[in-house]
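Source file: protein13.csv. Holds: CSV, C-alpha atoms.
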chain,number,residue,atom,x,y,z
U,1096,MET,CA,0.0,0.0,0.0
U,1097,SER,CA,2.8,2.3,0.9
U,1098,THR,CA,4.5,1.7,-2.4
U,1099,ALA,CA,1.4,2.4,-4.3
U,1100,THR,CA,1.2,5.8,-2.6
U,1101,LEU,CA,4.9,6.5,-3.3
U,1102,ASP,CA,4.4,5.6,-7.0
U,1103,LYS,CA,1.5,7.9,-7.2
U,1104,VAL,CA,3.5,10.8,-5.6
U,1105,GLU,CA,6.4,10.1,-8.0
U,1106,ALA,CA,4.1,10.0,-11.0
U,1107,GLU,CA,2.7,13.3,-10.0
U,1108,SER,CA,6.0,15.0,-9.4
U,1109,LYS,CA,7.2,13.8,-12.9
U,1110,ALA,CA,4.2,15.6,-14.5
U,1111,SER,CA,5.0,19.3,-14.7
U,1112,PRO,CA,2.9,21.4,-12.4
U,1113,TYR,CA,3.1,24.3,-14.8
U,1114,ILE,CA,0.1,25.3,-16.9
U,1115,LYS,CA,-0.2,27.9,-19.6
U,1116,VAL,CA,-2.1,30.9,-18.4
U,1117,THR,CA,-3.0,34.0,-20.4
U,1118,PHE,CA,-2.7,37.3,-18.6
U,1119,ARG,CA,-4.7,40.0,-20.3
U,1120,ILE,CA,-3.4,43.2,-18.9
U,1121,ARG,CA,-4.7,46.8,-19.3
U,1122,ARG,CA,-1.6,48.7,-20.5
U,1123,PHE,CA,-1.4,52.5,-20.5
U,1124,ASN,CA,1.7,54.5,-21.2
U,1125,PRO,CA,1.2,58.3,-21.6
U,1126,GLU,CA,4.6,58.5,-23.3
U,1127,VAL,CA,3.4,56.3,-26.1
U,1128,SER,CA,-0.4,56.9,-26.4
U,1129,ALA,CA,-3.3,58.5,-24.8
U,1130,GLU,CA,-5.3,55.3,-25.2
U,1131,ALA,CA,-5.2,52.3,-22.9
U,1132,THR,CA,-5.0,48.9,-24.6
U,1133,TRP,CA,-5.3,45.3,-23.6
U,1134,GLN,CA,-2.2,43.1,-24.0
U,1135,ASP,CA,-2.0,39.4,-23.7
U,1136,PHE,CA,0.9,37.5,-22.1
U,1137,GLU,CA,1.2,33.7,-22.1
U,1138,VAL,CA,2.9,32.5,-19.0
U,1139,ASP,CA,3.9,29.0,-17.8
U,1140,ILE,CA,2.9,29.1,-14.2
U,1141,ASP,CA,2.1,26.7,-11.3
U,1142,PRO,CA,-1.6,27.2,-10.5
U,1143,LYS,CA,-0.7,27.2,-6.8
U,1144,GLU,CA,1.3,30.4,-7.4
U,1145,ARG,CA,-0.2,33.9,-7.1
U,1146,VAL,CA,-1.2,36.5,-9.7
U,1147,LEU,CA,1.7,38.6,-8.4
U,1148,ASP,CA,4.1,35.8,-9.3
U,1149,GLY,CA,2.7,35.9,-12.8
U,1150,LEU,CA,3.2,39.6,-13.1
U,1151,HIS,CA,6.8,39.2,-11.9
U,1152,LYS,CA,7.4,36.6,-14.5
U,1153,ILE,CA,6.1,39.0,-17.2
U,1154,LYS,CA,8.1,41.9,-15.9
U,1155,TRP,CA,11.3,40.0,-15.3
U,1156,ASP,CA,11.4,37.7,-18.3
U,1157,MET,CA,9.0,39.0,-20.9
U,1158,ASP,CA,8.3,42.7,-20.9
U,1159,GLY,CA,10.3,45.0,-18.5
U,1160,THR,CA,8.1,48.0,-19.2
U,1161,LEU,CA,5.1,46.5,-17.3
U,1162,THR,CA,4.6,48.8,-14.4
U,1163,PHE,CA,2.8,47.9,-11.1
U,1164,ARG,CA,3.2,48.5,-7.4
U,1165,ARG,CA,4.2,46.0,-4.8
U,1166,SER,CA,6.3,46.1,-1.7
U,1167,CYS,CA,6.0,43.3,0.8
U,1168,ALA,CA,4.2,40.9,-1.6
U,1169,HIS,CA,2.5,39.2,1.3
U,1170,GLY,CA,-0.7,41.0,1.8
U,1171,ILE,CA,0.4,43.5,4.5
U,1172,CYS,CA,1.6,46.6,2.8
U,1173,GLY,CA,-1.5,47.0,0.6
U,1174,SER,CA,0.3,48.4,-2.5
U,1175,ASP,CA,-0.8,45.9,-5.1
U,1176,ALA,CA,-4.5,46.2,-5.1
U,1177,MET,CA,-5.8,45.8,-8.7
U,1178,ARG,CA,-8.8,44.7,-10.6
U,1179,ILE,CA,-8.4,41.0,-11.3
U,1180,ASN,CA,-11.2,39.4,-13.4
U,1181,GLY,CA,-13.4,42.4,-12.7
U,1182,ARG,CA,-13.0,42.3,-8.9
U,1183,ASN,CA,-10.7,44.3,-6.7
U,1184,ARG,CA,-8.1,42.1,-5.1
U,1185,LEU,CA,-4.6,42.0,-3.9
U,1186,ALA,CA,-2.4,40.4,-6.6
U,1187,CYS,CA,-0.3,38.9,-3.8
U,1188,LYS,CA,-3.2,37.2,-2.1
U,1189,THR,CA,-5.0,35.8,-5.2
U,1190,LEU,CA,-4.0,32.3,-6.3
U,1191,ILE,CA,-4.1,31.4,-10.0
U,1192,LYS,CA,-6.1,28.2,-9.3
U,1193,ASP,CA,-8.9,30.2,-7.6
U,1194,ILE,CA,-9.7,32.5,-10.5
U,1195,ASN,CA,-10.2,30.0,-13.4
U,1196,PRO,CA,-6.9,29.9,-15.2
U,1197,ALA,CA,-8.6,28.2,-18.2
U,1198,LYS,CA,-9.8,31.6,-19.3
U,1199,PRO,CA,-7.6,34.7,-19.8
U,1200,ILE,CA,-7.1,36.5,-16.5
U,1201,THR,CA,-7.8,40.2,-16.9
U,1202,ILE,CA,-5.8,42.6,-14.8
U,1203,GLU,CA,-6.7,46.3,-14.7
U,1204,PRO,CA,-5.8,49.2,-12.5
U,1205,ILE,CA,-8.3,50.0,-9.7
U,1206,LYS,CA,-11.0,52.3,-10.9
U,1207,GLY,CA,-11.9,55.9,-9.9
U,1208,LEU,CA,-8.3,57.1,-9.5
U,1209,THR,CA,-6.0,58.6,-12.2
U,1210,VAL,CA,-4.0,56.0,-14.0
U,1211,LEU,CA,-0.4,57.1,-14.3
U,1212,LYS,CA,1.0,54.1,-16.0
U,1213,ASP,CA,-0.2,50.5,-16.6
U,1214,LEU,CA,-1.4,49.4,-13.2
U,1215,VAL,CA,-0.1,52.3,-11.2
U,1216,VAL,CA,-2.7,54.9,-10.1
U,1217,ASP,CA,-2.4,58.3,-8.3
U,1218,MET,CA,-3.4,57.5,-4.7
U,1219,GLU,CA,-3.4,61.1,-3.6
U,1220,PRO,CA,-7.1,61.7,-3.6
U,1221,PHE,CA,-7.6,58.5,-1.6
U,1222,PHE,CA,-5.0,59.6,1.0
U,1223,GLN,CA,-6.5,63.1,1.0
U,1224,ALA,CA,-9.8,61.6,2.2
U,1225,TYR,CA,-7.9,59.5,4.7
U,1226,ARG,CA,-6.2,62.6,6.2
U,1227,ASP,CA,-9.5,64.5,6.3
U,1228,VAL,CA,-10.9,62.2,9.0
U,1229,MET,CA,-7.9,62.8,11.2
U,1230,PRO,CA,-6.6,59.2,11.6
U,1231,PHE,CA,-4.6,59.8,14.8
U,1232,LEU,CA,-5.3,59.7,18.5
U,1233,ILE,CA,-6.6,63.0,19.9
U,1234,THR,CA,-6.9,63.6,23.6
U,1235,LYS,CA,-7.4,66.4,26.1
U,1236,GLY,CA,-5.6,67.2,29.3
U,1237,ASN,CA,-2.2,66.2,30.6
U,1238,GLU,CA,-0.4,63.2,29.2
U,1239,PRO,CA,-0.6,60.2,31.5
U,1240,THR,CA,2.7,59.0,33.0
U,1241,ARG,CA,2.0,55.5,31.7
U,1242,GLU,CA,0.2,53.8,28.9
U,1243,ARG,CA,-3.4,54.8,28.1
U,1244,LEU,CA,-5.0,51.6,29.4
U,1245,GLN,CA,-8.1,50.0,27.8
U,1246,SER,CA,-10.2,47.0,28.6
U,1247,ALA,CA,-10.4,44.1,26.3
U,1248,GLU,CA,-14.0,44.8,25.6
U,1249,ASP,CA,-13.3,48.4,24.6
U,1250,ARG,CA,-10.5,47.2,22.3
U,1251,GLU,CA,-12.9,44.6,20.8
U,1252,ARG,CA,-15.3,47.4,19.8
U,1253,PHE,CA,-13.2,48.7,17.0
U,1254,ASP,CA,-11.0,45.6,16.4
U,1255,ASP,CA,-12.3,44.9,12.9
U,1256,THR,CA,-11.4,48.4,11.5
U,1257,THR,CA,-7.9,48.3,12.9
U,1258,LYS,CA,-7.1,45.7,10.2
U,1259,CYS,CA,-7.2,48.2,7.3
U,1260,ILE,CA,-4.0,48.3,5.2
U,1261,LEU,CA,-5.1,51.3,3.0
U,1262,CYS,CA,-4.9,49.3,-0.2
U,1263,ALA,CA,-7.9,51.3,-1.7
U,1264,ALA,CA,-9.6,48.1,-2.9
U,1265,CYS,CA,-12.8,49.1,-1.1
U,1266,THR,CA,-12.9,52.8,-2.1
U,1267,SER,CA,-12.1,52.1,-5.8
U,1268,SER,CA,-14.9,49.5,-5.9
U,1269,CYS,CA,-17.5,51.9,-4.6
U,1270,PRO,CA,-19.8,53.1,-7.4
U,1271,VAL,CA,-20.5,56.4,-5.6
U,1272,PHE,CA,-16.8,57.1,-5.4
U,1273,TRP,CA,-16.5,56.3,-9.2
U,1274,ASN,CA,-19.0,58.9,-10.0
U,1275,ASP,CA,-18.0,62.4,-8.8
U,1276,GLY,CA,-15.4,61.2,-6.3
U,1277,GLN,CA,-16.3,63.8,-3.7
U,1278,TYR,CA,-17.5,61.0,-1.4
U,1279,PHE,CA,-15.0,60.2,1.3
U,1280,GLY,CA,-15.0,56.5,0.4
U,1281,PRO,CA,-15.2,53.4,2.5
U,1282,ALA,CA,-11.5,53.4,3.6
U,1283,ALA,CA,-11.6,56.8,5.1
U,1284,ILE,CA,-14.8,56.0,7.0
U,1285,VAL,CA,-13.3,52.7,8.2
U,1286,ASN,CA,-10.3,54.6,9.6
U,1287,ALA,CA,-12.6,57.2,11.2
U,1288,HIS,CA,-14.6,54.3,12.7
U,1289,ARG,CA,-11.3,53.0,14.2
U,1290,PHE,CA,-10.9,56.2,16.3
U,1291,ILE,CA,-14.6,57.1,16.8
U,1292,PHE,CA,-15.2,53.9,18.8
U,1293,ASP,CA,-11.8,54.0,20.5
U,1294,SER,CA,-12.5,54.6,24.2
U,1295,ARG,CA,-9.1,56.5,24.6
U,1296,ASP,CA,-9.9,59.0,21.8
U,1297,GLU,CA,-11.7,62.2,22.6
U,1298,ALA,CA,-12.3,63.7,19.1
U,1299,GLY,CA,-15.0,61.3,18.0
U,1300,GLU,CA,-17.5,64.2,17.9
U,1301,GLN,CA,-15.3,66.1,15.5
U,1302,ARG,CA,-14.8,63.1,13.2
U,1303,LEU,CA,-18.6,62.4,13.2
U,1304,GLU,CA,-19.1,66.0,12.3
U,1305,ILE,CA,-16.7,65.6,9.3
U,1306,LEU,CA,-18.5,62.5,8.2
U,1307,ASN,CA,-21.9,64.2,8.6
U,1308,ASP,CA,-20.9,66.2,5.5
U,1309,LYS,CA,-23.1,65.9,2.4
U,1310,ASP,CA,-20.3,63.8,0.9
U,1311,GLY,CA,-19.9,61.8,4.1
U,1312,VAL,CA,-21.5,58.6,5.3
U,1313,TRP,CA,-25.0,59.5,3.9
U,1314,ARG,CA,-23.8,58.9,0.4
U,1315,CYS,CA,-23.3,55.3,1.1
U,1316,ARG,CA,-25.9,53.2,-0.8
U,1317,THR,CA,-25.0,49.9,1.0
U,1318,THR,CA,-24.1,48.1,-2.2
U,1319,PHE,CA,-21.6,46.0,-0.2
U,1320,ASN,CA,-19.0,46.3,-3.0
U,1321,CYS,CA,-16.5,47.4,-0.3
U,1322,THR,CA,-17.1,44.5,2.0
U,1323,ASP,CA,-16.7,42.1,-1.0
U,1324,ALA,CA,-13.5,43.8,-2.1
U,1325,CYS,CA,-11.7,44.0,1.2
U,1326,PRO,CA,-8.8,41.7,1.2
U,1327,ARG,CA,-8.6,41.8,5.0
U,1328,GLY,CA,-12.2,40.7,5.4
U,1329,ILE,CA,-13.2,43.9,7.2
U,1330,GLU,CA,-17.0,44.3,7.4
U,1331,VAL,CA,-16.7,47.7,5.7
U,1332,THR,CA,-20.4,48.4,5.1
U,1333,LYS,CA,-21.2,47.4,8.7
U,1334,ALA,CA,-18.6,49.9,9.9
U,1335,ILE,CA,-20.2,52.6,7.8
U,1336,GLN,CA,-23.6,51.8,9.1
U,1337,GLU,CA,-22.3,52.0,12.7
U,1338,VAL,CA,-21.0,55.5,12.0
U,1339,LYS,CA,-24.5,56.4,10.7
U,1340,ARG,CA,-26.1,55.0,13.8
U,1341,ALA,CA,-23.7,56.9,16.0
U,1342,LEU,CA,-24.6,60.1,14.1
U,1343,ILE,CA,-28.3,59.4,14.6
U,1344,THR,CA,-28.2,58.4,18.2
U,1345,ARG,CA,-26.1,61.4,19.0
U,1346,ARG,CA,-28.8,63.7,17.6
U,1347,PHE,CA,-31.8,62.0,19.2
S,421,MET,CA,-12.7,41.9,-26.4
S,422,SER,CA,-10.3,40.3,-28.9
S,423,ALA,CA,-10.4,43.5,-31.1
S,424,GLU,CA,-9.2,45.5,-28.1
S,425,THR,CA,-6.3,43.2,-27.4
S,426,THR,CA,-4.2,44.3,-30.3
S,427,PRO,CA,-1.0,45.9,-29.2
S,428,ALA,CA,-0.7,49.7,-29.1
S,429,ALA,CA,-0.6,50.6,-32.7
S,430,ALA,CA,-3.2,53.4,-32.4
S,431,GLY,CA,-0.8,55.5,-30.4
S,432,THR,CA,1.1,56.8,-33.4
S,433,VAL,CA,-2.1,58.0,-35.0
S,434,ASP,CA,-3.4,60.8,-32.8
S,435,ALA,CA,-0.4,62.6,-31.4
S,436,PRO,CA,3.4,62.2,-31.2
S,437,TYR,CA,3.5,61.4,-27.5
S,438,GLY,CA,7.0,61.0,-26.1
S,439,VAL,CA,9.0,61.3,-22.9
S,440,ASP,CA,8.9,65.1,-23.1
S,441,ASN,CA,5.3,65.2,-24.2
S,442,PRO,CA,3.3,62.6,-22.3
S,443,ALA,CA,-0.4,62.1,-22.9
S,444,PRO,CA,-2.7,63.9,-20.5
S,445,VAL,CA,-4.0,61.7,-17.7
S,446,ILE,CA,-7.6,61.8,-16.6
S,447,GLU,CA,-7.9,64.0,-13.5
S,448,ALA,CA,-9.1,62.1,-10.5
S,449,PRO,CA,-12.5,63.3,-9.4
S,450,ARG,CA,-11.6,63.9,-5.7
S,451,LYS,CA,-8.7,66.1,-6.5
S,452,ARG,CA,-8.8,69.3,-4.5
S,453,THR,CA,-9.5,72.2,-6.9
S,454,LYS,CA,-11.0,75.6,-6.6
S,455,LYS,CA,-14.3,74.1,-7.7
S,456,THR,CA,-14.4,71.5,-4.9
S,457,PRO,CA,-17.5,72.3,-2.9
S,458,LYS,CA,-17.0,73.5,0.7
S,459,SER,CA,-17.8,71.0,3.4
S,460,THR,CA,-21.3,71.5,4.8
S,461,ARG,CA,-22.1,71.8,8.5
S,462,THR,CA,-25.8,71.0,8.4
S,463,ASN,CA,-27.7,67.9,9.3
S,464,PHE,CA,-29.7,68.0,6.0
S,465,GLU,CA,-28.4,64.7,4.7
S,466,LEU,CA,-28.9,63.1,8.1
S,467,TYR,CA,-32.6,64.1,8.3
S,468,GLY,CA,-33.0,63.1,4.6
S,469,TRP,CA,-31.6,59.7,5.3
S,470,LEU,CA,-33.8,59.2,8.3
S,471,PHE,CA,-36.9,60.5,6.5
S,472,MET,CA,-36.4,57.9,3.8
S,473,ARG,CA,-36.5,55.1,6.4
S,474,LEU,CA,-39.4,56.4,8.4
S,475,SER,CA,-41.6,57.4,5.4
S,476,GLY,CA,-40.8,54.1,3.8
S,477,ILE,CA,-42.3,52.2,6.7
S,478,VAL,CA,-45.4,54.4,6.8
S,479,LEU,CA,-45.8,54.2,3.0
S,480,VAL,CA,-45.8,50.4,3.0
S,481,VAL,CA,-49.0,50.5,5.2
S,482,LEU,CA,-50.6,53.4,3.4
S,483,VAL,CA,-49.9,52.2,-0.2
S,484,LEU,CA,-50.7,48.6,0.3
S,485,GLY,CA,-53.9,49.5,2.1
S,486,HIS,CA,-54.8,51.9,-0.7
S,487,LEU,CA,-54.2,49.3,-3.4
S,488,LEU,CA,-56.2,46.7,-1.4
S,489,ILE,CA,-59.2,49.0,-1.1
S,490,GLN,CA,-59.1,50.3,-4.6
S,491,LEU,CA,-58.3,47.1,-6.5
S,492,VAL,CA,-59.2,44.0,-4.5
S,493,LEU,CA,-61.9,44.5,-1.9
S,494,ASP,CA,-65.6,45.0,-2.7
S,495,GLY,CA,-65.7,44.3,-6.4
S,496,GLY,CA,-62.3,45.4,-7.4
S,497,VAL,CA,-61.3,48.2,-9.7
S,498,SER,CA,-64.7,48.3,-11.5
S,499,LYS,CA,-66.3,50.0,-8.5
S,500,VAL,CA,-64.0,53.0,-8.7
S,501,GLY,CA,-65.8,56.0,-10.1
S,502,PHE,CA,-66.7,59.6,-9.2
S,503,ALA,CA,-69.3,58.5,-6.7
S,504,PHE,CA,-66.8,56.1,-5.0
S,505,VAL,CA,-64.2,58.8,-4.6
S,506,ALA,CA,-66.7,61.4,-3.5
S,507,GLY,CA,-68.1,58.9,-0.9
S,508,ARG,CA,-64.6,58.2,0.5
S,509,TRP,CA,-63.5,61.8,0.7
S,510,ALA,CA,-66.6,62.7,2.6
S,511,SER,CA,-64.8,61.2,5.6
S,512,PRO,CA,-61.9,63.2,7.1
S,513,PHE,CA,-60.1,59.8,7.8
S,514,TRP,CA,-59.7,59.0,4.1
S,515,GLN,CA,-58.9,62.7,3.3
S,516,ALA,CA,-56.1,62.5,5.8
S,517,TRP,CA,-55.0,59.1,4.5
S,518,ASP,CA,-54.7,60.3,1.0
S,519,LEU,CA,-53.1,63.6,1.9
S,520,ILE,CA,-50.4,61.9,4.0
S,521,MET,CA,-49.9,59.3,1.3
S,522,LEU,CA,-49.5,62.1,-1.3
S,523,TRP,CA,-47.0,64.1,0.7
S,524,LEU,CA,-44.9,61.2,1.9
S,525,ALA,CA,-44.8,59.4,-1.5
S,526,MET,CA,-43.9,62.6,-3.3
S,527,LEU,CA,-41.2,63.7,-0.9
S,528,HIS,CA,-39.9,60.1,-0.6
S,529,GLY,CA,-39.7,59.7,-4.3
S,530,ALA,CA,-38.2,63.2,-4.9
S,531,ASN,CA,-35.5,62.6,-2.3
S,532,GLY,CA,-34.7,59.3,-3.8
S,533,LEU,CA,-34.5,60.8,-7.3
S,534,ARG,CA,-32.3,63.6,-5.9
S,535,THR,CA,-29.8,61.1,-4.7
S,536,VAL,CA,-30.0,59.3,-8.0
S,537,ILE,CA,-29.3,62.6,-9.8
S,538,ASN,CA,-26.4,63.4,-7.4
S,539,ASP,CA,-24.9,60.0,-8.1
S,540,TYR,CA,-25.3,59.8,-11.8
S,541,ALA,CA,-25.2,63.3,-13.3
S,542,GLU,CA,-21.7,63.9,-14.5
S,543,ARG,CA,-21.7,67.7,-15.1
S,544,ASP,CA,-22.6,70.3,-12.5
S,545,THR,CA,-25.0,72.1,-14.9
S,546,THR,CA,-26.8,68.9,-15.8
S,547,ARG,CA,-27.1,68.1,-12.2
S,548,PHE,CA,-28.5,71.5,-11.3
S,549,TRP,CA,-31.1,71.6,-14.1
S,550,LEU,CA,-32.2,68.0,-13.5
S,551,LYS,CA,-32.8,68.8,-9.8
S,552,MET,CA,-34.6,72.0,-10.7
S,553,LEU,CA,-36.9,70.0,-13.0
S,554,LEU,CA,-37.4,67.5,-10.2
S,555,TYR,CA,-38.2,70.1,-7.5
S,556,THR,CA,-40.7,71.9,-9.8
S,557,ALA,CA,-42.5,68.7,-10.7
S,558,THR,CA,-42.6,67.7,-7.0
S,559,VAL,CA,-43.9,71.1,-5.7
S,560,PHE,CA,-46.5,71.2,-8.5
S,561,THR,CA,-47.8,67.7,-7.9
S,562,VAL,CA,-47.9,68.1,-4.1
S,563,LEU,CA,-49.7,71.5,-4.3
S,564,LEU,CA,-52.2,70.4,-6.9
S,565,GLY,CA,-53.0,67.2,-5.0
S,566,SER,CA,-53.4,69.0,-1.7
S,567,LEU,CA,-55.7,71.6,-3.4
S,568,VAL,CA,-57.9,68.9,-4.8
S,569,ILE,CA,-58.2,67.0,-1.5
S,570,PHE,CA,-59.0,70.1,0.5
S,571,THR,CA,-61.4,71.8,-2.0
S,572,PHE,CA,-63.1,68.7,-3.4
S,573,ASP,CA,-66.7,69.4,-4.1
S,574,PRO,CA,-68.9,66.3,-4.6
S,575,ASN,CA,-71.7,68.5,-6.2
S,576,ILE,CA,-69.4,69.7,-9.0
S,577,ARG,CA,-71.2,70.2,-12.4
What is this file in structure tokens?
Amino acid sequence: MSTATLDKVEAESKASPYIKVTFRIRRFNPEVSAEATWQDFEVDIDPKERVLDGLHKIKWDMDGTLTFRRSCAHGICGSDAMRINGRNRLACKTLIKDINPAKPITIEPIKGLTVLKDLVVDMEPFFQAYRDVMPFLITKGNEPTRERLQSAEDRERFDDTTKCILCAACTSSCPVFWNDGQYFGPAAIVNAHRFIFDSRDEAGEQRLEILNDKDGVWRCRTTFNCTDACPRGIEVTKAIQEVKRALITRRF
Amino acid sequence: MSAETTPAAAGTVDAPYGVDNPAPVIEAPRKRTKKTPKSTRTNFELYGWLFMRLSGIVLVVLVLGHLLIQLVLDGGVSKVGFAFVAGRWASPFWQAWDLIMLWLAMLHGANGLRTVINDYAERDTTRFWLKMLLYTATVFTVLLGSLVIFTFDPNIR
């Protein structure tokens, strides 16, 4: 019995794990053309590898002009959010085998932000909205001589929204943000939520006032695109609804 | 799709873009410009959002009740005529029912359309005129409907 298993393993290892996958990438180079075009790359790749590995193979071995962002390549830095097969995902967290490699895999830059080159977008408006909600601890009075202590329950209250890595997958999947872009976007609201519900922070009122703006939380249409897109599994729409509830219970 | 996948051959046609003359990029919508609207410090959107929820609940009762009375109960739609309406509006209860339904439905629908226009209109002028059209239609319908309910005369010739 053991030999049979061994034979099977050997036979499997002899067969190449590589399959041919077509990457259909949205290319844009302002130094060549004002038009963005699709370009196909055929890559031999193990289906257990990630989309980012495929992009690396293309950039390193086939076409060095392909431009995209990535830093840590392990789903922490949040720099390689892109639109893969029509959904916003992190290229470094998406396995080839999970997205049907039999068909061409389409890769586009995230929507709603200015495309600078290929898959690189201008993230400035996104970070502008982030800065607008004051994503830092604000307190009054004298600084304590030791840490600002917090109970486990108080920490639990905003635990979900501390996971945000600012990859912009949620904001660039939001149809309201796509339109006129004045909307703060899910990511900014998530990061406001992280401080609004922090028991140590004392500027929750100020942040709520900022999000009470006509382009604040009230423009959320609860389409749940952000929750679907979040590579960290944050319940983004729920966080937005909690901010709405806080605004209403504060008034009444 | 396959037609679009041809490599960039169209680039040479429109303009001689190069390192010193890159193509213009599409400006991001949230970029801070002089035209960016000032932040508001009112609770209008909060009350609008709340109104949609509350009026929606009330409208479910009012509209379903209305449809039931008009179309299903007591002989269905064939019974509806001038006499039927006149008989109903003789009672202040049905007057109030219809008046509240008119106001809530119109304001609920108008507010919903306002958000649709805000979300979908691309240019500021389009947005402004669509909203003006919407507000005019809403005010006209609400005022006309209220006028009819309050001044209804069953003995009209």
Q) Could you pull the residues within 6 Å of stretch 1324-1332 of chain U, counting all atoms listed in the file, minus those fewer than 2 positions along the same chain, as a VMD selection string? A) chain U and resid 1183 1255 1264 to 1265 1319 1321 to 1322 1334 to 1335
Which chain U residues have any atom within 6 Å of an atom of chain S, and for each, what is the nearest pair of atoms with distance in Å to one decimal, counting only C-alpha atoms, rows sorted by chain and number, as CSV?
residue,atom,partner,partner_atom,distance
U:Pro1125,CA,S:Ala443,CA,4.3
U:Glu1126,CA,S:Pro442,CA,4.4
U:Val1127,CA,S:Tyr437,CA,5.3
U:Ser1128,CA,S:Gly431,CA,4.3
U:Ala1129,CA,S:Ala443,CA,5.0
U:Trp1133,CA,S:Thr425,CA,4.5
U:Gln1134,CA,S:Thr425,CA,5.3
U:Leu1208,CA,S:Ala448,CA,5.2
U:Thr1209,CA,S:Ala448,CA,5.0
U:Pro1220,CA,S:Arg450,CA,5.4
U:Asp1275,CA,S:Pro449,CA,5.6
U:Gly1276,CA,S:Arg450,CA,4.7
U:Gln1277,CA,S:Arg450,CA,5.1
U:Asp1308,CA,S:Thr460,CA,5.4
U:Lys1309,CA,S:Glu465,CA,5.9
**Q.** Atomic separation - atom CA of U:Ile1140 relative to atom CA of U:Lys1115, Å
**A.**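 Between atom CA of U:Lys1115 and atom CA of U:Ile1140 the gap works out to 6.3 Å.
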Q) Which is closest to S:Val480 among S:Leu533, S:Leu567, S:Ala510, S:Ala525, if we use all atoms listed in the file? A)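 Of S:Leu533, S:Leu567, S:Ala510, S:Ala525, the one nearest S:Val480 is S:Ala525, counting all atoms listed in the file.
Among S:Leu564, S:Val497, S:Leu553, S:Ile569, the residue with the shortest atom-to-atom distance to S:Trp517, counting all atoms listed in the file, is S:Ile569.
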**Q.** Distance in Å - atom CA of U:Lys1212 versus atom CA of U:Thr1162
**A.**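 Straight-line distance from atom CA of U:Lys1212 to atom CA of U:Thr1162 works out to 6.6 Å.
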Q.
Show me, as a ChimeraX atom specification, the residues that have an atom within 12 Å of U:Val1216 when counting only C-alpha atoms, minus same-chain residues fewer than 5 positions from it.
A. /U:1123-1124,1162-1164,1174-1178,1203-1211,1221,1262-1263,1267 /S:445-448
Q. Which value, in Å to one decimal, gives the distance between atom CA of U:Asp1293 and atom CA of U:Phe1272?
A.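 According to the coordinates, atom CA of U:Asp1293 and atom CA of U:Phe1272 are separated by 26.6 Å.
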Q: Using all atoms listed in the file, give me every residue within 12 Å of (-35.2, 55.7, -0.1) in file coordinates, as a VMD selection string.
A: (chain U and resid 1313 to 1317) or (chain S and resid 468 to 477 479 524 to 536)
Q | Selected residue, from U:Cys1259, U:Ala1186, U:Cys1269, U:Ile1194, that lies nearest to U:His1288 when counting only C-alpha atoms | A |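 For U:His1288, the nearest of the candidates is U:Cys1259.
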Q.
When you count all atoms listed in the file, which of these residues is closest to U:Pro1196: U:Arg1145, U:Lys1235, U:Arg1226, U:Arg1252?
A.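 Comparing U:Arg1145, U:Lys1235, U:Arg1226, U:Arg1252 against U:Pro1196, the winner is U:Arg1145.
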Q) Got a sec: who's within 6 Å of U:Thr1266, counting only C-alpha atoms, leaving out chain neighbours fewer than 5 positions off, as an MDAnalysis selection string? A) chainID U and resid 1280:1282
Stretch 1264-1291 of chain U dumped to file, C-alpha atoms, as a PDB file, in the first residue's frame:
ATOM      1  CA  ALA U1264      -9.596  48.103  -2.902  1.00  0.00           C
ATOM      2  CA  CYS U1265     -12.811  49.145  -1.132  1.00  0.00           C
ATOM      3  CA  THR U1266     -12.854  52.812  -2.116  1.00  0.00           C
ATOM      4  CA  SER U1267     -12.080  52.051  -5.757  1.00  0.00           C
ATOM      5  CA  SER U1268     -14.872  49.456  -5.870  1.00  0.00           C
ATOM      6  CA  CYS U1269     -17.488  51.922  -4.639  1.00  0.00           C
ATOM      7  CA  PRO U1270     -19.850  53.118  -7.408  1.00  0.00           C
ATOM      8  CA  VAL U1271     -20.514  56.376  -5.559  1.00  0.00           C
ATOM      9  CA  PHE U1272     -16.789  57.099  -5.444  1.00  0.00           C
ATOM     10  CA  TRP U1273     -16.467  56.295  -9.160  1.00  0.00           C
ATOM     11  CA  ASN U1274     -19.007  58.934 -10.019  1.00  0.00           C
ATOM     12  CA  ASP U1275     -17.964  62.371  -8.826  1.00  0.00           C
ATOM     13  CA  GLY U1276     -15.408  61.218  -6.311  1.00  0.00           C
ATOM     14  CA  GLN U1277     -16.319  63.804  -3.686  1.00  0.00           C
ATOM     15  CA  TYR U1278     -17.526  60.979  -1.446  1.00  0.00           C
ATOM     16  CA  PHE U1279     -15.043  60.186   1.321  1.00  0.00           C
ATOM     17  CA  GLY U1280     -15.007  56.526   0.379  1.00  0.00           C
ATOM     18  CA  PRO U1281     -15.199  53.406   2.548  1.00  0.00           C
ATOM     19  CA  ALA U1282     -11.537  53.360   3.557  1.00  0.00           C
ATOM     20  CA  ALA U1283     -11.641  56.845   5.108  1.00  0.00           C
ATOM     21  CA  ILE U1284     -14.827  55.974   6.993  1.00  0.00           C
ATOM     22  CA  VAL U1285     -13.328  52.697   8.222  1.00  0.00           C
ATOM     23  CA  ASN U1286     -10.333  54.568   9.593  1.00  0.00           C
ATOM     24  CA  ALA U1287     -12.569  57.186  11.178  1.00  0.00           C
ATOM     25  CA  HIS U1288     -14.567  54.339  12.745  1.00  0.00           C
ATOM     26  CA  ARG U1289     -11.349  52.982  14.231  1.00  0.00           C
ATOM     27  CA  PHE U1290     -10.931  56.177  16.275  1.00  0.00           C
ATOM     28  CA  ILE U1291     -14.570  57.146  16.818  1.00  0.00           C
TER      29      ILE U1291
END
